[in-house]
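To be precise, the following lines are query24.txt, and they hold compact mmCIF, C-alpha atoms.
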# COMPACT_ATOMS: atom_id res chain seq x y z
CA GLU Y 1305 -4.44 12.94 4.54
CA THR Y 1306 -6.93 10.94 2.49
CA GLY Y 1307 -10.04 12.05 4.30
CA VAL Y 1308 -10.37 8.76 6.16
CA THR Y 1309 -9.26 8.69 9.79
CA GLN Y 1310 -8.85 5.71 12.08
CA THR Y 1311 -8.38 5.43 15.83
CA PRO Y 1312 -6.51 4.12 17.63
CA ARG Y 1313 -3.41 3.81 15.45
CA HIS Y 1314 -1.96 1.09 17.65
CA LEU Y 1315 -3.69 -1.36 19.96
CA VAL Y 1316 -2.39 -4.15 22.14
CA MET Y 1317 -5.01 -6.35 23.72
CA GLY Y 1318 -5.22 -9.61 25.57
CA MET Y 1319 -7.34 -12.48 24.31
CA THR Y 1320 -10.05 -11.80 26.89
CA ASN Y 1321 -10.34 -8.06 26.27
CA LYS Y 1322 -13.05 -6.18 24.40
CA LYS Y 1323 -12.05 -3.19 22.31
CA SER Y 1324 -13.37 -1.20 19.37
CA LEU Y 1325 -11.77 0.33 16.29
CA LYS Y 1326 -13.22 3.52 14.88
CA CYS Y 1327 -13.21 4.89 11.35
CA GLU Y 1328 -14.55 8.19 10.05
CA GLN Y 1329 -14.63 9.43 6.47
CA HIS Y 1330 -14.98 13.07 5.41
CA LEU Y 1331 -15.34 12.44 1.68
CA GLY Y 1332 -19.10 12.25 1.36
CA HIS Y 1333 -18.93 8.59 0.36
CA ASN Y 1334 -21.72 6.10 0.97
CA ALA Y 1335 -19.82 2.80 1.07
CA MET Y 1336 -17.39 1.80 3.81
CA TYR Y 1337 -15.15 -1.23 4.21
CA TRP Y 1338 -13.03 -3.10 6.73
CA TYR Y 1339 -9.93 -4.92 5.49
CA LYS Y 1340 -7.32 -7.04 7.25
CA GLN Y 1341 -3.72 -6.79 6.07
CA SER Y 1342 -1.28 -9.49 7.15
CA ALA Y 1343 2.34 -9.86 6.08
CA LYS Y 1344 2.87 -11.41 2.63
CA LYS Y 1345 -0.90 -11.76 2.02
CA PRO Y 1346 -3.26 -9.73 -0.14
CA LEU Y 1347 -5.65 -7.39 1.61
CA GLU Y 1348 -8.59 -9.41 2.89
CA LEU Y 1349 -11.99 -7.79 2.63
CA MET Y 1350 -13.93 -8.35 5.87
CA PHE Y 1351 -17.10 -6.28 5.72
CA VAL Y 1352 -18.85 -3.89 3.36
CA TYR Y 1353 -21.53 -1.34 4.16
CA ASN Y 1354 -23.51 0.49 1.50
CA PHE Y 1355 -25.73 3.32 2.74
CA LYS Y 1356 -25.32 1.99 6.31
CA GLU Y 1357 -26.49 -1.49 5.36
CA GLN Y 1358 -24.12 -4.42 5.57
CA THR Y 1359 -23.88 -5.97 2.12
CA GLU Y 1360 -20.91 -8.31 2.55
CA ASN Y 1361 -19.45 -10.43 5.30
CA ASN Y 1362 -16.59 -12.50 3.95
CA SER Y 1363 -16.90 -15.41 6.39
CA VAL Y 1364 -15.40 -13.37 9.19
CA PRO Y 1365 -15.43 -15.01 12.66
CA SER Y 1366 -18.04 -13.67 15.04
CA ARG Y 1367 -15.37 -12.33 17.37
CA PHE Y 1368 -15.29 -9.41 14.89
CA SER Y 1369 -18.51 -7.38 14.96
CA PRO Y 1370 -18.97 -4.35 12.68
CA GLU Y 1371 -21.27 -1.41 13.25
CA CYS Y 1372 -22.16 1.40 10.88
CA PRO Y 1373 -24.39 4.02 12.53
CA ASN Y 1374 -24.27 6.38 9.53
CA SER Y 1375 -22.47 6.73 6.19
CA SER Y 1376 -19.54 8.57 7.77
CA HIS Y 1377 -18.72 6.28 10.68
CA LEU Y 1378 -17.72 2.65 10.93
CA PHE Y 1379 -16.72 0.61 13.95
CA LEU Y 1380 -15.18 -2.80 14.41
CA HIS Y 1381 -15.88 -4.34 17.80
CA LEU Y 1382 -13.37 -6.94 18.94
CA HIS Y 1383 -13.73 -9.59 21.61
CA THR Y 1384 -11.93 -12.82 22.58
CA LEU Y 1385 -9.44 -12.44 19.77
CA GLN Y 1386 -6.70 -14.91 18.92
CA PRO Y 1387 -2.99 -14.18 18.37
CA GLU Y 1388 -3.45 -14.89 14.63
CA ASP Y 1389 -5.78 -11.89 14.51
CA SER Y 1390 -2.78 -9.61 14.96
CA ALA Y 1391 -2.59 -7.52 11.78
CA LEU Y 1392 -3.12 -4.06 10.30
CA TYR Y 1393 -6.84 -3.30 10.10
CA LEU Y 1394 -7.70 -0.85 7.37
CA CYS Y 1395 -10.86 1.11 6.82
CA ALA Y 1396 -11.76 2.41 3.37
CA SER Y 1397 -14.59 4.32 1.74
CA SER Y 1398 -15.90 4.88 -1.77
CA GLN Y 1399 -18.93 6.01 -3.67
CA ASN Y 1400 -21.46 3.23 -4.06
CA PRO Y 1401 -20.21 1.00 -6.92
CA SER Y 1402 -23.59 0.91 -8.64
CA GLY Y 1403 -22.74 4.41 -9.76
CA GLY Y 1404 -19.69 3.06 -11.58
CA THR Y 1405 -17.02 4.49 -9.28
CA TYR Y 1406 -14.67 2.03 -7.67
CA GLU Y 1407 -11.78 3.93 -6.19
CA GLN Y 1408 -11.49 3.13 -2.53
CA TYR Y 1409 -9.73 5.54 -0.20
CA PHE Y 1410 -7.98 4.09 2.80
CA GLY Y 1411 -7.30 5.28 6.30
CA PRO Y 1412 -3.89 4.85 7.97
CA GLY Y 1413 -4.92 1.66 9.69
CA THR Y 1414 -4.88 0.32 13.24
CA ARG Y 1415 -1.94 -1.94 14.07
CA LEU Y 1416 -3.45 -4.60 16.33
CA THR Y 1417 -1.41 -6.96 18.46
CA VAL Y 1418 -3.17 -9.72 20.37
CA THR Y 1419 -1.17 -11.14 23.27
CA GLN J 356 -5.96 -20.10 -8.60
CA LYS J 357 -5.62 -16.60 -7.17
CA GLU J 358 -7.64 -13.85 -8.77
CA VAL J 359 -4.59 -11.59 -8.96
CA GLU J 360 -0.91 -12.51 -9.04
CA GLN J 361 1.82 -10.02 -8.25
CA ASP J 362 5.54 -10.59 -7.85
CA PRO J 363 6.31 -9.62 -4.24
CA GLY J 364 9.89 -8.59 -5.02
CA PRO J 365 11.70 -7.01 -3.32
CA LEU J 366 12.87 -4.81 -6.16
CA SER J 367 15.84 -2.45 -5.78
CA VAL J 368 16.77 0.09 -8.43
CA PRO J 369 19.14 3.08 -8.61
CA GLU J 370 17.70 6.57 -8.57
CA GLY J 371 16.63 7.69 -12.03
CA ALA J 372 15.85 4.18 -13.29
CA ILE J 373 12.61 3.20 -15.01
CA VAL J 374 10.61 0.82 -12.85
CA SER J 375 8.13 -1.71 -14.19
CA LEU J 376 5.64 -3.31 -11.81
CA ASN J 377 3.24 -5.96 -13.04
CA CYS J 378 0.17 -8.01 -12.16
CA THR J 379 -1.69 -10.77 -13.93
CA TYR J 380 -5.30 -11.71 -13.34
CA SER J 381 -7.55 -14.61 -14.18
CA ASN J 382 -11.10 -13.25 -14.61
CA SER J 383 -11.87 -11.63 -17.96
CA ALA J 384 -14.87 -9.87 -16.35
CA PHE J 385 -12.57 -7.45 -14.56
CA GLN J 386 -12.97 -3.95 -15.96
CA TYR J 387 -11.46 -1.60 -13.39
CA PHE J 388 -7.77 -1.50 -12.57
CA MET J 389 -6.04 0.42 -9.82
CA TRP J 390 -2.57 0.91 -8.41
CA TYR J 391 -2.01 1.84 -4.80
CA ARG J 392 1.19 2.92 -3.07
CA GLN J 393 1.70 2.02 0.58
CA TYR J 394 4.47 3.52 2.65
CA SER J 395 5.63 1.70 5.75
CA ARG J 396 3.13 2.01 8.62
CA LYS J 397 0.59 3.84 6.44
CA GLY J 398 -2.59 2.92 4.61
CA PRO J 399 -2.63 2.36 0.82
CA GLU J 400 -2.85 5.54 -1.24
CA LEU J 401 -4.57 5.51 -4.64
CA LEU J 402 -2.07 6.30 -7.42
CA MET J 403 -3.76 5.40 -10.69
CA TYR J 404 -7.18 4.23 -11.79
CA THR J 405 -8.01 2.97 -15.27
CA TYR J 406 -11.00 1.45 -16.96
CA SER J 407 -10.60 -1.28 -19.59
CA SER J 408 -7.57 -1.50 -21.90
CA GLY J 409 -5.03 1.15 -22.77
CA ASN J 410 -2.58 3.53 -21.16
CA LYS J 411 -3.00 6.32 -18.65
CA GLU J 412 -0.26 8.74 -17.73
CA ASP J 413 0.08 10.96 -14.66
CA GLY J 414 3.39 12.72 -14.29
CA ARG J 415 6.13 10.13 -13.91
CA PHE J 416 3.60 7.28 -13.63
CA THR J 417 2.02 5.33 -16.48
CA ALA J 418 -0.56 2.60 -15.99
CA GLN J 419 -1.04 0.12 -18.80
CA VAL J 420 -3.77 -2.51 -19.21
CA ASP J 421 -3.69 -5.36 -21.71
CA LYS J 422 -6.99 -7.19 -21.35
CA SER J 423 -6.17 -9.71 -24.07
CA SER J 424 -3.24 -10.94 -21.95
CA LYS J 425 -4.90 -10.19 -18.60
CA TYR J 426 -1.83 -8.20 -17.68
CA ILE J 427 -1.47 -4.78 -16.08
CA SER J 428 1.63 -2.70 -15.51
CA LEU J 429 2.73 0.41 -13.68
CA PHE J 430 5.77 2.24 -15.01
CA ILE J 431 7.66 4.80 -12.95
CA ARG J 432 10.04 7.05 -14.86
CA ASP J 433 12.98 8.86 -13.28
CA SER J 434 12.45 6.97 -10.02
CA GLN J 435 13.18 8.83 -6.79
CA PRO J 436 14.03 7.61 -3.29
CA SER J 437 10.61 8.91 -2.23
CA ASP J 438 9.06 6.26 -4.52
CA SER J 439 10.34 3.57 -2.14
CA ALA J 440 7.18 1.84 -0.97
CA THR J 441 5.03 -1.22 -1.56
CA TYR J 442 2.91 -1.04 -4.70
CA LEU J 443 -0.40 -2.90 -4.77
CA CYS J 444 -2.52 -3.63 -7.83
CA ALA J 445 -6.28 -3.93 -7.36
CA ILE J 446 -8.90 -5.10 -9.83
CA ALA J 447 -12.69 -5.09 -9.84
CA GLU J 448 -15.72 -6.17 -11.80
CA THR J 449 -18.46 -3.77 -12.85
CA GLY J 450 -20.85 -2.98 -10.03
CA ALA J 451 -18.97 -4.88 -7.34
CA ASN J 452 -17.73 -3.59 -4.00
CA ASN J 453 -15.03 -6.23 -3.90
CA LEU J 454 -11.56 -5.20 -5.01
CA PHE J 455 -9.11 -8.07 -5.58
CA PHE J 456 -5.65 -7.06 -4.46
CA GLY J 457 -2.23 -8.40 -5.33
CA THR J 458 0.18 -9.15 -2.49
CA GLY J 459 2.20 -6.02 -3.30
CA THR J 460 5.71 -5.42 -4.68
CA ARG J 461 8.19 -3.81 -2.32
CA LEU J 462 10.30 -1.23 -4.19
CA THR J 463 13.46 0.46 -2.95
CA VAL J 464 15.04 3.30 -4.94
CA ILE J 465 18.67 3.73 -3.97
CA PRO J 466 20.09 7.29 -4.04
What does the file become when written as C-alpha cells?
Amino acid sequence: ETGVTQTPRHLVMGMTNKKSLKCEQHLGHNAMYWYKQSAKKPLELMFVYNFKEQTENNSVPSRFSPECPNSSHLFLHLHTLQPEDSALYLCASSQNPSGGTYEQYFGPGTRLTVT
Amino acid sequence: QKEVEQDPGPLSVPEGAIVSLNCTYSNSAFQYFMWYRQYSRKGPELLMYTYSSGNKEDGRFTAQVDKSSKYISLFIRDSQPSDSATYLCAIAETGANNLFFGTGTRLTVIP
C-alpha cells in the first residue's frame, strides 16, 4: 500500500451516465494529481491541486470535472464521456514542489471503460 | 519532439541477468529523475529518486544520471521473476508539479 487509495477500482459506464472517481491520501501531502494512462502512451497529467487550489488543467475536456474539498481528498466527476476516454485513471500525491520534493505517490488506479 | 524518450521493449531476460533500462530527455533544465515500477493492474510505485548527475544505489537497483548526455539509466542486478513489470522513467524541473514520463519499458524475467 502506498498510502493513496482510489475507488472504485473498476468502472463501466455508458456515454450518458454520470459517475465520480474518488481518491484519498494518508501521507500528509498537500498536492494531489489526476493522470490518465492509456496503452502505449506516457502518463498524461490532467489536473493538479496544491493546498486545495487547482493550479493546472492540461487542456482537459469539460466532461471531466475535478473537485478537491481538502488536501486529503480528490474527486473526478465524469459525464457524457466518449469511448476514447476508456483508460486507467491514476491519482497521485506529493509534498508541494516549492519545497523541493518531487516524488509522487500513486494510487492503484480506476480502470474505466466507456461503452 | 517528446520531452522524454524510452524504449518500450518488451525486454526479456533470464533470471540472474543484469538489466539496463534507459531514457533520454531533451530539456537541460530537468533536475529531478525518478524511476517507477508498475505491475500489471496496479499503480506506479516509486523505486528510485535522484537529483542532478551521478549514481544512486539501493539494493539490487542502481540509478544513473548523465546530464551532459541527457541520459538516465536504471540497472537491476541479479534480476528476479518478481522484477517482471513495466518500468517508467519520470523527470521534472525545479519547482514544477509536472512530471514528464516515458512510455515505459515492459520487462519479463524468465525463471
What box, with edges along x, y and z, holds each listed atom of stretch 1407-1410 of chain Y when 6 Å is added on every side, and can you state its centre and edge lengths in Å to one decimal, as lines of an AutoDock Vina configuration file?
center_x = -9.9
center_y = 4.3
center_z = -1.7
size_x = 15.8
size_y = 14.4
size_z = 21.0
For each of Y:Leu1331, Y:Cys1372, Y:Val1418, Y:Val1352, take the minimum atom-to-atom distance to chain J, counting all atoms listed in the file, then give the residue where this is smallest.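 Closest to chain J, using all atoms listed in the file: Y:Val1352.
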Restrict the distance test to all atoms listed in the file, flag each residue of chain J within 12 Å of chain Y, and return the flagged residues as a PyMOL selection string. chain J and resi 357-365+385-406+441-461
Taking into account all atoms listed in the file, which residue in the set J:Thr379, J:Thr417, J:Ser423, J:Thr463 is nearest to J:Ser437?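 Checking each of J:Thr379, J:Thr417, J:Ser423, J:Thr463 against J:Ser437, counting all atoms listed in the file, the winner is J:Thr463.
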Can you pull out the residues contacting J:Gly414? Cut-off 12 Å, using all atoms listed in the file, and skip same-chain residues under 5 positions away; I want them as JSON, numbers by chain. {"J": [402, 403, 430, 431, 432, 433, 434]}
One decimal, Å: what's the distance from atom CA of Y:Glu1371 over to atom CA of Y:His1314, could you say?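 Atom CA of Y:Glu1371 sits 20.0 Å away from atom CA of Y:His1314.
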Using all atoms listed in the file, which residues sit within 7 Å of Y:Leu1325 once same-chain residues fewer than 2 positions away are excluded, as a ChimeraX atom specification? /Y:1311-1312,1323,1327,1379-1381
Rounded to one decimal place, report the atom CA of Y:Lys1326-atom CA of Y:Pro1387 distance in Å.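 Atom CA of Y:Pro1387 lies 20.7 Å from atom CA of Y:Lys1326.
Atom CA of Y:Leu1382 lies 10.8 Å from atom CA of Y:Gly1318.
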Take the point (16.6, 4.2, -9.8) as written in the file and pick out every residue within 8 Å of it, counting all atoms listed in the file; give the list as a list of chain:residue names. J:Ser367, J:Val368, J:Pro369, J:Glu370, J:Gly371, J:Ala372, J:Ile373, J:Val374, J:Asp433, J:Ser434, J:Gln435, J:Pro436, J:Val464, J:Ile465, J:Pro466
Just want the 9 Å neighbourhood of Y:Asp1389, counted on all atoms listed in the file, with same-chain residues fewer than 3 positions away dropped. Output as a PyMOL selection string. chain Y and resi 1340+1342+1385-1386+1416-1418
Can you spit out the residues from that selection as a compact mmCIF listing (two decimals), keeping the file's coordinate frame, using C-alpha atoms?
# COMPACT_ATOMS: atom_id res chain seq x y z
CA LYS Y 1340 -7.32 -7.04 7.25
CA SER Y 1342 -1.28 -9.49 7.15
CA LEU Y 1385 -9.44 -12.44 19.77
CA GLN Y 1386 -6.70 -14.91 18.92
CA LEU Y 1416 -3.45 -4.60 16.33
CA THR Y 1417 -1.41 -6.96 18.46
CA VAL Y 1418 -3.17 -9.72 20.37
Selected residue of minimal separation from J:Ser439 among J:Ser424, J:Ser407, J:Leu366, J:Ser375, counting all atoms listed in the file: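 Closest residue, counting all atoms listed in the file: J:Leu366.
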